[in-house]
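Next up, entry22.cif (mmCIF, C-alpha atoms):
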```cif
data_target
#
loop_
_atom_site.label_atom_id
_atom_site.label_comp_id
_atom_site.auth_asym_id
_atom_site.auth_seq_id
_atom_site.Cartn_x
_atom_site.Cartn_y
_atom_site.Cartn_z
CA MET A 1 9.45 -8.94 -3.96
CA THR A 2 6.08 -10.51 -3.25
CA ASP A 3 3.00 -8.61 -4.39
CA VAL A 4 2.24 -6.02 -1.71
CA LEU A 5 -1.38 -7.14 -1.25
CA ASP A 6 -0.26 -10.73 -0.70
CA VAL A 7 2.20 -9.50 1.93
CA LEU A 8 -0.45 -7.48 3.74
CA LEU A 9 -3.06 -10.23 3.68
CA SER A 10 -0.65 -12.88 4.94
CA HIS A 11 0.58 -10.94 7.99
CA ARG A 12 0.95 -12.89 11.22
CA SER A 13 2.76 -11.98 14.41
CA ILE A 14 5.90 -14.10 14.69
CA ARG A 15 7.14 -14.88 18.19
CA ARG A 16 9.85 -17.43 17.45
CA PHE A 17 12.74 -16.51 15.20
CA LYS A 18 15.71 -18.27 13.64
CA THR A 19 19.11 -17.02 14.73
CA ASP A 20 20.17 -15.86 11.26
CA PRO A 21 21.28 -12.22 11.43
CA ILE A 22 19.58 -9.60 9.30
CA PRO A 23 21.97 -8.13 6.71
CA GLU A 24 22.56 -4.42 7.17
CA GLU A 25 21.36 -3.70 3.64
CA ASP A 26 17.98 -5.31 4.39
CA LEU A 27 17.61 -3.21 7.54
CA LEU A 28 18.49 -0.02 5.67
CA ARG A 29 16.03 -0.84 2.89
CA ALA A 30 13.28 -1.34 5.44
CA VAL A 31 14.12 1.88 7.29
CA SER A 32 14.13 3.80 4.00
CA ALA A 33 10.71 2.34 3.21
CA GLY A 34 9.55 3.41 6.66
CA GLN A 35 10.72 6.94 5.99
CA GLN A 36 8.54 7.11 2.88
CA ALA A 37 5.40 6.77 5.00
CA ALA A 38 3.12 9.77 5.13
CA THR A 39 4.19 12.38 7.69
CA SER A 40 2.17 15.43 8.67
CA SER A 41 3.75 18.60 7.24
CA ASN A 42 6.95 16.56 6.74
CA ILE A 43 7.79 16.84 10.44
CA GLN A 44 9.14 13.24 10.49
CA GLY A 45 8.46 12.94 14.20
CA TYR A 46 9.90 9.49 14.80
CA CYS A 47 13.03 7.45 15.36
CA ALA A 48 13.98 3.81 15.87
CA ILE A 49 16.55 2.83 18.48
CA ARG A 50 18.21 -0.42 17.40
CA VAL A 51 19.28 -2.34 20.49
CA THR A 52 22.39 -4.45 19.82
CA ASP A 53 23.99 -4.67 23.28
CA PRO A 54 23.03 -8.08 24.79
CA ASP A 55 22.99 -6.60 28.29
CA VAL A 56 20.55 -3.87 27.24
CA ARG A 57 18.39 -6.46 25.50
CA ALA A 58 18.38 -8.58 28.64
CA ALA A 59 17.47 -5.55 30.76
CA LEU A 60 14.46 -4.87 28.52
CA VAL A 61 12.99 -8.37 28.88
CA PRO A 62 11.49 -7.86 32.37
CA LEU A 63 10.47 -4.33 31.38
CA THR A 64 8.35 -5.73 28.54
CA GLY A 65 6.47 -8.23 30.67
CA GLY A 66 9.05 -11.02 30.43
CA GLN A 67 9.02 -11.34 26.64
CA ALA A 68 12.17 -13.40 26.04
CA LYS A 69 12.04 -12.80 22.27
CA VAL A 70 13.09 -9.20 22.92
CA ALA A 71 16.51 -10.57 23.83
CA SER A 72 16.68 -13.50 21.40
CA CYS A 73 15.34 -12.09 18.12
CA PRO A 74 17.93 -11.06 15.50
CA LEU A 75 16.73 -7.44 15.46
CA PHE A 76 14.96 -5.45 18.16
CA MET A 77 14.08 -1.78 17.82
CA ALA A 78 12.33 0.65 20.13
CA ILE A 79 10.02 2.85 18.07
CA CYS A 80 9.75 6.36 19.47
CA GLY A 81 7.86 9.53 18.83
CA ASP A 82 10.68 12.02 18.34
CA THR A 83 10.24 15.76 18.80
CA ARG A 84 13.80 16.27 19.98
CA ARG A 85 15.08 17.57 16.64
CA HIS A 86 12.20 20.05 16.47
CA ARG A 87 13.04 21.35 19.94
CA LEU A 88 16.74 21.65 19.10
CA LEU A 89 15.97 23.68 15.98
CA ALA A 90 13.84 26.10 17.99
CA ALA A 91 16.48 26.41 20.74
CA ARG A 92 19.27 27.03 18.25
CA ALA A 93 17.26 29.83 16.66
CA GLY A 94 16.34 31.29 20.07
CA GLU A 95 12.65 30.66 19.41
CA ASP A 96 9.89 29.08 21.48
CA TYR A 97 8.86 25.48 21.06
CA GLN A 98 5.20 25.02 22.00
CA SER A 99 4.34 21.48 23.08
CA ASN A 100 0.69 20.47 23.03
CA LEU A 101 -1.62 17.51 22.42
CA GLU A 102 -1.51 17.93 18.65
CA GLY A 103 2.28 17.75 18.66
CA PHE A 104 2.15 14.56 20.73
CA MET A 105 -0.47 13.06 18.43
CA LEU A 106 1.56 13.89 15.33
CA ALA A 107 4.63 12.15 16.74
CA VAL A 108 2.62 9.05 17.72
CA ILE A 109 0.92 8.86 14.32
CA ASP A 110 4.14 9.51 12.39
CA ALA A 111 6.03 6.85 14.38
CA THR A 112 3.24 4.31 13.84
CA LEU A 113 3.10 4.88 10.09
CA PHE A 114 6.91 4.70 9.92
CA ALA A 115 6.92 1.38 11.80
CA GLN A 116 4.13 -0.15 9.74
CA ASN A 117 5.90 0.71 6.50
CA MET A 118 9.01 -0.97 7.89
CA VAL A 119 7.02 -4.06 8.83
CA ILE A 120 5.60 -4.34 5.32
CA ALA A 121 9.09 -3.95 3.87
CA PHE A 122 10.56 -6.59 6.18
CA GLU A 123 7.75 -9.04 5.50
CA SER A 124 8.11 -8.51 1.74
CA MET A 125 11.73 -9.68 2.15
CA GLY A 126 10.63 -12.84 3.97
CA TYR A 127 11.14 -11.75 7.57
CA GLY A 128 8.64 -12.10 10.39
CA THR A 129 7.76 -9.31 12.81
CA CYS A 130 6.10 -8.75 16.15
CA TYR A 131 5.14 -5.45 17.75
CA ILE A 132 5.94 -5.20 21.46
CA GLY A 133 3.41 -2.99 23.23
CA GLY A 134 4.90 -4.25 26.48
CA LEU A 135 7.62 -1.63 26.06
CA ARG A 136 5.16 0.68 27.81
CA GLU A 137 4.93 -1.50 30.92
CA ASP A 138 7.57 0.49 32.80
CA LEU A 139 8.43 3.64 30.88
CA PRO A 140 10.61 5.21 33.60
CA ALA A 141 12.85 2.13 33.57
CA VAL A 142 12.83 1.90 29.76
CA HIS A 143 13.86 5.55 29.65
CA GLU A 144 16.80 4.81 31.93
CA VAL A 145 17.89 1.83 29.82
CA LEU A 146 17.57 3.61 26.46
CA ARG A 147 18.63 7.03 27.75
CA THR A 148 15.95 8.86 25.83
CA PRO A 149 16.15 12.66 26.17
CA GLU A 150 13.25 15.06 26.67
CA GLY A 151 10.93 15.00 23.66
CA VAL A 152 11.70 11.38 22.70
CA TRP A 153 8.94 9.01 23.77
CA PRO A 154 9.23 5.20 23.53
CA LEU A 155 5.94 3.91 22.15
CA PHE A 156 6.43 0.22 21.31
CA GLY A 157 9.07 -2.27 20.32
CA LEU A 158 9.54 -4.27 17.13
CA CYS A 159 11.09 -7.74 16.84
CA VAL A 160 12.28 -8.86 13.41
CA GLY A 161 13.85 -12.05 12.08
CA LEU A 162 13.36 -15.09 9.90
CA PRO A 163 10.30 -16.99 11.20
CA ASP A 164 10.86 -20.19 13.13
CA GLN A 165 7.15 -20.98 13.28
CA GLU A 166 4.13 -20.99 10.96
CA PRO A 167 1.21 -19.70 13.03
CA ARG A 168 -2.23 -19.55 11.50
CA ARG A 169 -3.54 -16.15 10.56
CA ARG A 170 -5.93 -14.76 13.14
CA PRO A 171 -9.33 -13.94 11.62
CA ARG A 172 -10.40 -10.30 11.61
CA LEU A 173 -13.84 -8.72 11.69
CA GLU A 174 -15.61 -8.77 8.34
CA THR A 175 -14.90 -5.71 6.22
CA ASP A 176 -18.51 -4.51 6.51
CA ALA A 177 -17.95 -4.31 10.28
CA VAL A 178 -15.31 -1.61 9.81
CA LEU A 179 -16.25 0.04 6.49
CA PHE A 180 -19.40 2.15 6.61
CA ASP A 181 -21.18 4.35 4.08
CA ASP A 182 -22.15 7.90 5.04
CA ARG A 183 -22.90 7.20 8.71
CA TYR A 184 -21.85 5.09 11.66
CA PRO A 185 -24.20 2.07 12.01
CA SER A 186 -26.67 1.56 14.83
CA ASP A 187 -25.58 -0.18 18.01
CA GLY A 188 -27.72 -3.17 17.03
CA GLU A 189 -25.93 -3.47 13.71
CA VAL A 190 -22.54 -3.25 15.40
CA LEU A 191 -23.44 -5.97 17.89
CA ALA A 192 -24.85 -8.21 15.15
CA SER A 193 -21.55 -8.06 13.26
CA ILE A 194 -19.70 -8.92 16.47
CA ASP A 195 -21.98 -11.92 17.05
CA ASP A 196 -21.00 -13.25 13.62
CA TYR A 197 -17.33 -12.71 14.41
CA ASP A 198 -17.65 -14.41 17.79
CA ARG A 199 -18.67 -17.64 16.06
CA VAL A 200 -15.56 -17.50 13.88
CA MET A 201 -13.25 -16.68 16.78
CA HIS A 202 -14.77 -19.36 18.99
CA ASP A 203 -13.62 -21.98 16.49
CA TRP A 204 -10.22 -20.31 16.03
CA TYR A 205 -9.53 -20.17 19.77
CA ARG A 206 -10.50 -23.82 20.17
CA SER A 207 -8.33 -24.99 17.28
CA ASN A 208 -5.36 -23.07 18.74
CA GLY A 209 -5.82 -24.35 22.30
CA ILE A 210 -6.82 -20.96 23.71
CA ASP A 211 -9.28 -21.12 26.60
CA THR A 212 -11.44 -18.16 25.60
CA PRO A 213 -15.07 -18.58 24.51
CA ASP A 214 -15.09 -15.80 21.92
CA TRP A 215 -13.81 -12.35 20.98
CA SER A 216 -16.48 -10.56 23.04
CA ALA A 217 -15.33 -12.27 26.23
CA ARG A 218 -11.71 -11.38 25.50
CA ILE A 219 -12.57 -7.72 24.89
CA ARG A 220 -14.77 -7.45 27.97
CA GLN A 221 -11.98 -8.89 30.10
CA HIS A 222 -9.36 -6.58 28.59
CA PHE A 223 -11.33 -3.39 29.18
CA ALA A 224 -12.70 -4.34 32.60
CA GLU A 225 -9.75 -2.50 34.14
CA LYS A 226 -7.39 0.31 33.25
CA HIS A 227 -3.91 -0.50 32.01
CA ARG A 228 -0.55 1.28 32.28
CA THR A 229 -2.07 4.12 34.22
CA ARG A 230 1.30 5.74 35.04
CA ASN A 231 2.16 6.42 31.41
CA ALA A 232 0.35 9.73 31.01
CA ALA A 233 2.36 11.23 33.87
CA TRP A 234 5.62 9.86 32.43
CA TYR A 235 4.97 11.25 28.96
CA LEU A 236 4.12 14.63 30.49
CA GLY A 237 7.35 14.56 32.48
CA ALA A 238 9.27 13.70 29.31
CA GLY A 239 8.12 16.82 27.52
CA ALA A 240 4.75 15.89 26.13
CA SER A 241 1.67 18.06 26.62
CA PHE A 242 -1.98 17.06 26.40
CA ASP A 243 -3.32 20.63 26.32
#
```
Represent the structure of the file as structure tokens.
Amino acid sequence: MTDVLDVLLSHRSIRRFKTDPIPEEDLLRAVSAGQQAATSSNIQGYCAIRVTDPDVRAALVPLTGGQAKVASCPLFMAICGDTRRHRLLAARAGEDYQSNLEGFMLAVIDATLFAQNMVIAFESMGYGTCYIGGLREDLPAVHEVLRTPEGVWPLFGLCVGLPDQEPRRRPRLETDAVLFDDRYPSDGEVLASIDDYDRVMHDWYRSNGIDTPDWSARIRQHFAEKHRTRNAAWYLGAGASFD
């Protein structure tokens, strides 16, 4: 095992994978590591749906924005917030199950921590990973493909496999741009830290052939419009509540 800090600091998203299969024991070790992530009140509000059927994988490609690696990577999992088991326990006991925003948030947070622990475990074993937020592009269709019941909410996908590329690490904001003492900084201080980061990212984009002037431009473009606006209604229809 590589030192955990080295694993964390060397993370890169891998988008091209070798065809070597992942041994079942490596998958189970990673899932067990995921299960040891913190979980609020031990509710364990998550699950991972491993997709092995090539036809199902192929069906998910257009539903994730045309990401071919969803079909070609050795391991693809849909990470879900899972309140189904909680609901079943209440129903079996003849008791009410009260869905609200806090319950939805707990499932999302639990599932994210579970997935990140798995990613660290996989990367410590030499595998590469890539989160697939595109799984939320068409949730009604994803629901039909994965047959998720009420109370199980697909959140994102995860591709795993031996890397077939060596991408450069993408620079992050300086630590003093995200770690503050006692108070949130002034807007001027926030913008000054971004200006410093823009200079770093300008060079990184250029060296990687990306036609974007800097991080600020990329962020402005991203948030100039709303994205995936149908998802709130789908989650509500699938048993979530934002009350």
Smallest atom-to-atom distance to A:Leu27: which of A:Asp3, A:Asp55, A:Glu123, A:Glu95, using only C-alpha atoms?
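Ranked by minimum distance to A:Leu27, first place goes to A:Glu123.
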A:Ile14, A:Leu28, A:Val7, A:Ala238: which is nearest A:Gln165, counting only C-alpha atoms?
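Nearest candidate to A:Gln165 out of A:Ile14, A:Leu28, A:Val7, A:Ala238: A:Ile14.
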Could you tell me which residues the PyMOL selection byres ((chain A and resi 157) around 10) returns for this structure, as a list in words?
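Output of the PyMOL selection byres ((chain A and resi 157) around 10): Ala48, Ile49, Arg50, Thr64, Val70, Phe76, Met77, Ala78, Ile79, Cys80, Ala115, Cys130, Tyr131, Ile132, Gly133, Gly134, Leu135, Arg136, Pro154, Leu155, Phe156, Leu158 and Cys159 of chain A.
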So which residues touch stretch 192-201 of chain A within 12 Å, counting only C-alpha atoms, skipping near sequence neighbours fewer than 6 positions away, as an mmCIF file with C-alpha atoms, in the frame of the given file?
```cif
data_model
loop_
_atom_site.group_PDB
_atom_site.id
_atom_site.type_symbol
_atom_site.label_atom_id
_atom_site.label_comp_id
_atom_site.auth_asym_id
_atom_site.auth_seq_id
_atom_site.Cartn_x
_atom_site.Cartn_y
_atom_site.Cartn_z
ATOM 1 C CA ARG A 169 -3.540 -16.150 10.560
ATOM 2 C CA ARG A 170 -5.930 -14.760 13.140
ATOM 3 C CA PRO A 171 -9.330 -13.940 11.620
ATOM 4 C CA ARG A 172 -10.400 -10.300 11.610
ATOM 5 C CA LEU A 173 -13.840 -8.720 11.690
ATOM 6 C CA GLU A 174 -15.610 -8.770 8.340
ATOM 7 C CA THR A 175 -14.900 -5.710 6.220
ATOM 8 C CA ASP A 176 -18.510 -4.510 6.510
ATOM 9 C CA ALA A 177 -17.950 -4.310 10.280
ATOM 10 C CA VAL A 178 -15.310 -1.610 9.810
ATOM 11 C CA LEU A 179 -16.250 0.040 6.490
ATOM 12 C CA PRO A 185 -24.200 2.070 12.010
ATOM 13 C CA SER A 186 -26.670 1.560 14.830
ATOM 14 C CA SER A 207 -8.330 -24.990 17.280
ATOM 15 C CA ASN A 208 -5.360 -23.070 18.740
ATOM 16 C CA ILE A 210 -6.820 -20.960 23.710
ATOM 17 C CA ASP A 211 -9.280 -21.120 26.600
ATOM 18 C CA THR A 212 -11.440 -18.160 25.600
ATOM 19 C CA PRO A 213 -15.070 -18.580 24.510
ATOM 20 C CA ASP A 214 -15.090 -15.800 21.920
ATOM 21 C CA TRP A 215 -13.810 -12.350 20.980
ATOM 22 C CA SER A 216 -16.480 -10.560 23.040
ATOM 23 C CA ALA A 217 -15.330 -12.270 26.230
ATOM 24 C CA ARG A 218 -11.710 -11.380 25.500
ATOM 25 C CA ILE A 219 -12.570 -7.720 24.890
#
```
Please, what distance in Å, to one decimal, runs between atom CA of A:Trp234 and atom CA of A:Leu89?
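Interatomic distance, atom CA of A:Trp234 to atom CA of A:Leu89: 23.8 Å.
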Please report the interatomic distance between atom CA of A:Ser72 and atom CA of A:Gly128 in Å with one decimal.
13.7 Å
Can you pull out the residues contacting A:Gln44? Cut-off 12 Å, using only C-alpha atoms, and skip same-chain residues under 6 positions away; I want them as a count of residues only.
22
Please measure the separation of atom CA of A:Ile43 and atom CA of A:Ala121, giving the value in Å to one decimal.
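Interatomic distance, atom CA of A:Ile43 to atom CA of A:Ala121: 21.8 Å.
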So which residues touch A:Gly66 within 12 Å, counting all atoms listed in the file, skipping near sequence neighbours fewer than 2 positions away, as a PyMOL selection string?
chain A and resi 57-64+68-71+132+134-135+137-138
Could you list, as number ranges by chain, every residue within 9 Å of A:Ala30, counting only C-alpha atoms and ignoring same-chain residues fewer than 5 positions away?
A: 25, 35, 117-122
What would stretch 14-38 of chain A look like if you wrote it out as a JSON list (two decimals), in the first residue's frame, with N, CA and C atoms included, from the block I just posted?
```json
[["chain", "number", "residue", "atom", "x", "y", "z"],
["A", 14, "ILE", "N", -8.87, 9.59, -14.39],
["A", 14, "ILE", "CA", -8.41, 8.75, -15.49],
["A", 14, "ILE", "C", -9.59, 8.48, -16.41],
["A", 15, "ARG", "N", -9.38, 8.73, -17.68],
["A", 15, "ARG", "CA", -10.47, 8.57, -18.66],
["A", 15, "ARG", "C", -10.18, 7.51, -19.71],
["A", 16, "ARG", "N", -8.99, 6.94, -19.68],
["A", 16, "ARG", "CA", -8.65, 5.81, -20.54],
["A", 16, "ARG", "C", -8.08, 4.70, -19.68],
["A", 17, "PHE", "N", -8.65, 3.51, -19.86],
["A", 17, "PHE", "CA", -8.30, 2.39, -18.99],
["A", 17, "PHE", "C", -7.81, 1.20, -19.82],
["A", 18, "LYS", "N", -6.91, 0.42, -19.23],
["A", 18, "LYS", "CA", -6.53, -0.85, -19.82],
["A", 18, "LYS", "C", -7.69, -1.83, -19.66],
["A", 19, "THR", "N", -7.65, -2.90, -20.40],
["A", 19, "THR", "CA", -8.78, -3.84, -20.40],
["A", 19, "THR", "C", -8.69, -4.87, -19.28],
["A", 20, "ASP", "N", -7.60, -4.87, -18.53],
["A", 20, "ASP", "CA", -7.43, -5.86, -17.46],
["A", 20, "ASP", "C", -8.61, -5.81, -16.50],
["A", 21, "PRO", "N", -9.22, -6.95, -16.20],
["A", 21, "PRO", "CA", -10.33, -6.96, -15.25],
["A", 21, "PRO", "C", -9.83, -6.69, -13.83],
["A", 22, "ILE", "N", -10.74, -6.23, -13.00],
["A", 22, "ILE", "CA", -10.42, -5.98, -11.60],
["A", 22, "ILE", "C", -10.78, -7.23, -10.81],
["A", 23, "PRO", "N", -9.82, -7.84, -10.12],
["A", 23, "PRO", "CA", -10.13, -9.04, -9.32],
["A", 23, "PRO", "C", -11.22, -8.75, -8.29],
["A", 24, "GLU", "N", -12.08, -9.73, -8.08],
["A", 24, "GLU", "CA", -13.18, -9.56, -7.14],
["A", 24, "GLU", "C", -12.70, -9.17, -5.75],
["A", 25, "GLU", "N", -11.54, -9.74, -5.34],
["A", 25, "GLU", "CA", -11.06, -9.41, -3.99],
["A", 25, "GLU", "C", -10.65, -7.95, -3.87],
["A", 26, "ASP", "N", -10.16, -7.35, -4.96],
["A", 26, "ASP", "CA", -9.82, -5.93, -4.92],
["A", 26, "ASP", "C", -11.09, -5.08, -4.82],
["A", 27, "LEU", "N", -12.12, -5.46, -5.58],
["A", 27, "LEU", "CA", -13.39, -4.74, -5.49],
["A", 27, "LEU", "C", -13.95, -4.82, -4.07],
["A", 28, "LEU", "N", -13.95, -6.01, -3.49],
["A", 28, "LEU", "CA", -14.53, -6.17, -2.16],
["A", 28, "LEU", "C", -13.74, -5.41, -1.10],
["A", 29, "ARG", "N", -12.41, -5.35, -1.26],
["A", 29, "ARG", "CA", -11.61, -4.57, -0.32],
["A", 29, "ARG", "C", -11.97, -3.10, -0.42],
["A", 30, "ALA", "N", -12.15, -2.62, -1.64],
["A", 30, "ALA", "CA", -12.49, -1.21, -1.81],
["A", 30, "ALA", "C", -13.88, -0.90, -1.26],
["A", 31, "VAL", "N", -14.84, -1.79, -1.49],
["A", 31, "VAL", "CA", -16.19, -1.57, -0.97],
["A", 31, "VAL", "C", -16.17, -1.59, 0.56],
["A", 32, "SER", "N", -15.41, -2.50, 1.14],
["A", 32, "SER", "CA", -15.31, -2.55, 2.60],
["A", 32, "SER", "C", -14.70, -1.26, 3.14],
["A", 33, "ALA", "N", -13.69, -0.73, 2.43],
["A", 33, "ALA", "CA", -13.10, 0.54, 2.84],
["A", 33, "ALA", "C", -14.13, 1.66, 2.72],
["A", 34, "GLY", "N", -14.95, 1.61, 1.66],
["A", 34, "GLY", "CA", -16.01, 2.60, 1.51],
["A", 34, "GLY", "C", -17.00, 2.56, 2.65],
["A", 35, "GLN", "N", -17.30, 1.36, 3.11],
["A", 35, "GLN", "CA", -18.27, 1.21, 4.20],
["A", 35, "GLN", "C", -17.75, 1.73, 5.53],
["A", 36, "GLN", "N", -16.44, 1.89, 5.65],
["A", 36, "GLN", "CA", -15.87, 2.43, 6.89],
["A", 36, "GLN", "C", -15.87, 3.95, 6.92],
["A", 37, "ALA", "N", -16.37, 4.58, 5.87],
["A", 37, "ALA", "CA", -16.50, 6.04, 5.89],
["A", 37, "ALA", "C", -17.50, 6.45, 6.96],
["A", 38, "ALA", "N", -17.35, 7.68, 7.43],
["A", 38, "ALA", "CA", -18.30, 8.19, 8.40],
["A", 38, "ALA", "C", -19.71, 8.16, 7.83]]
```
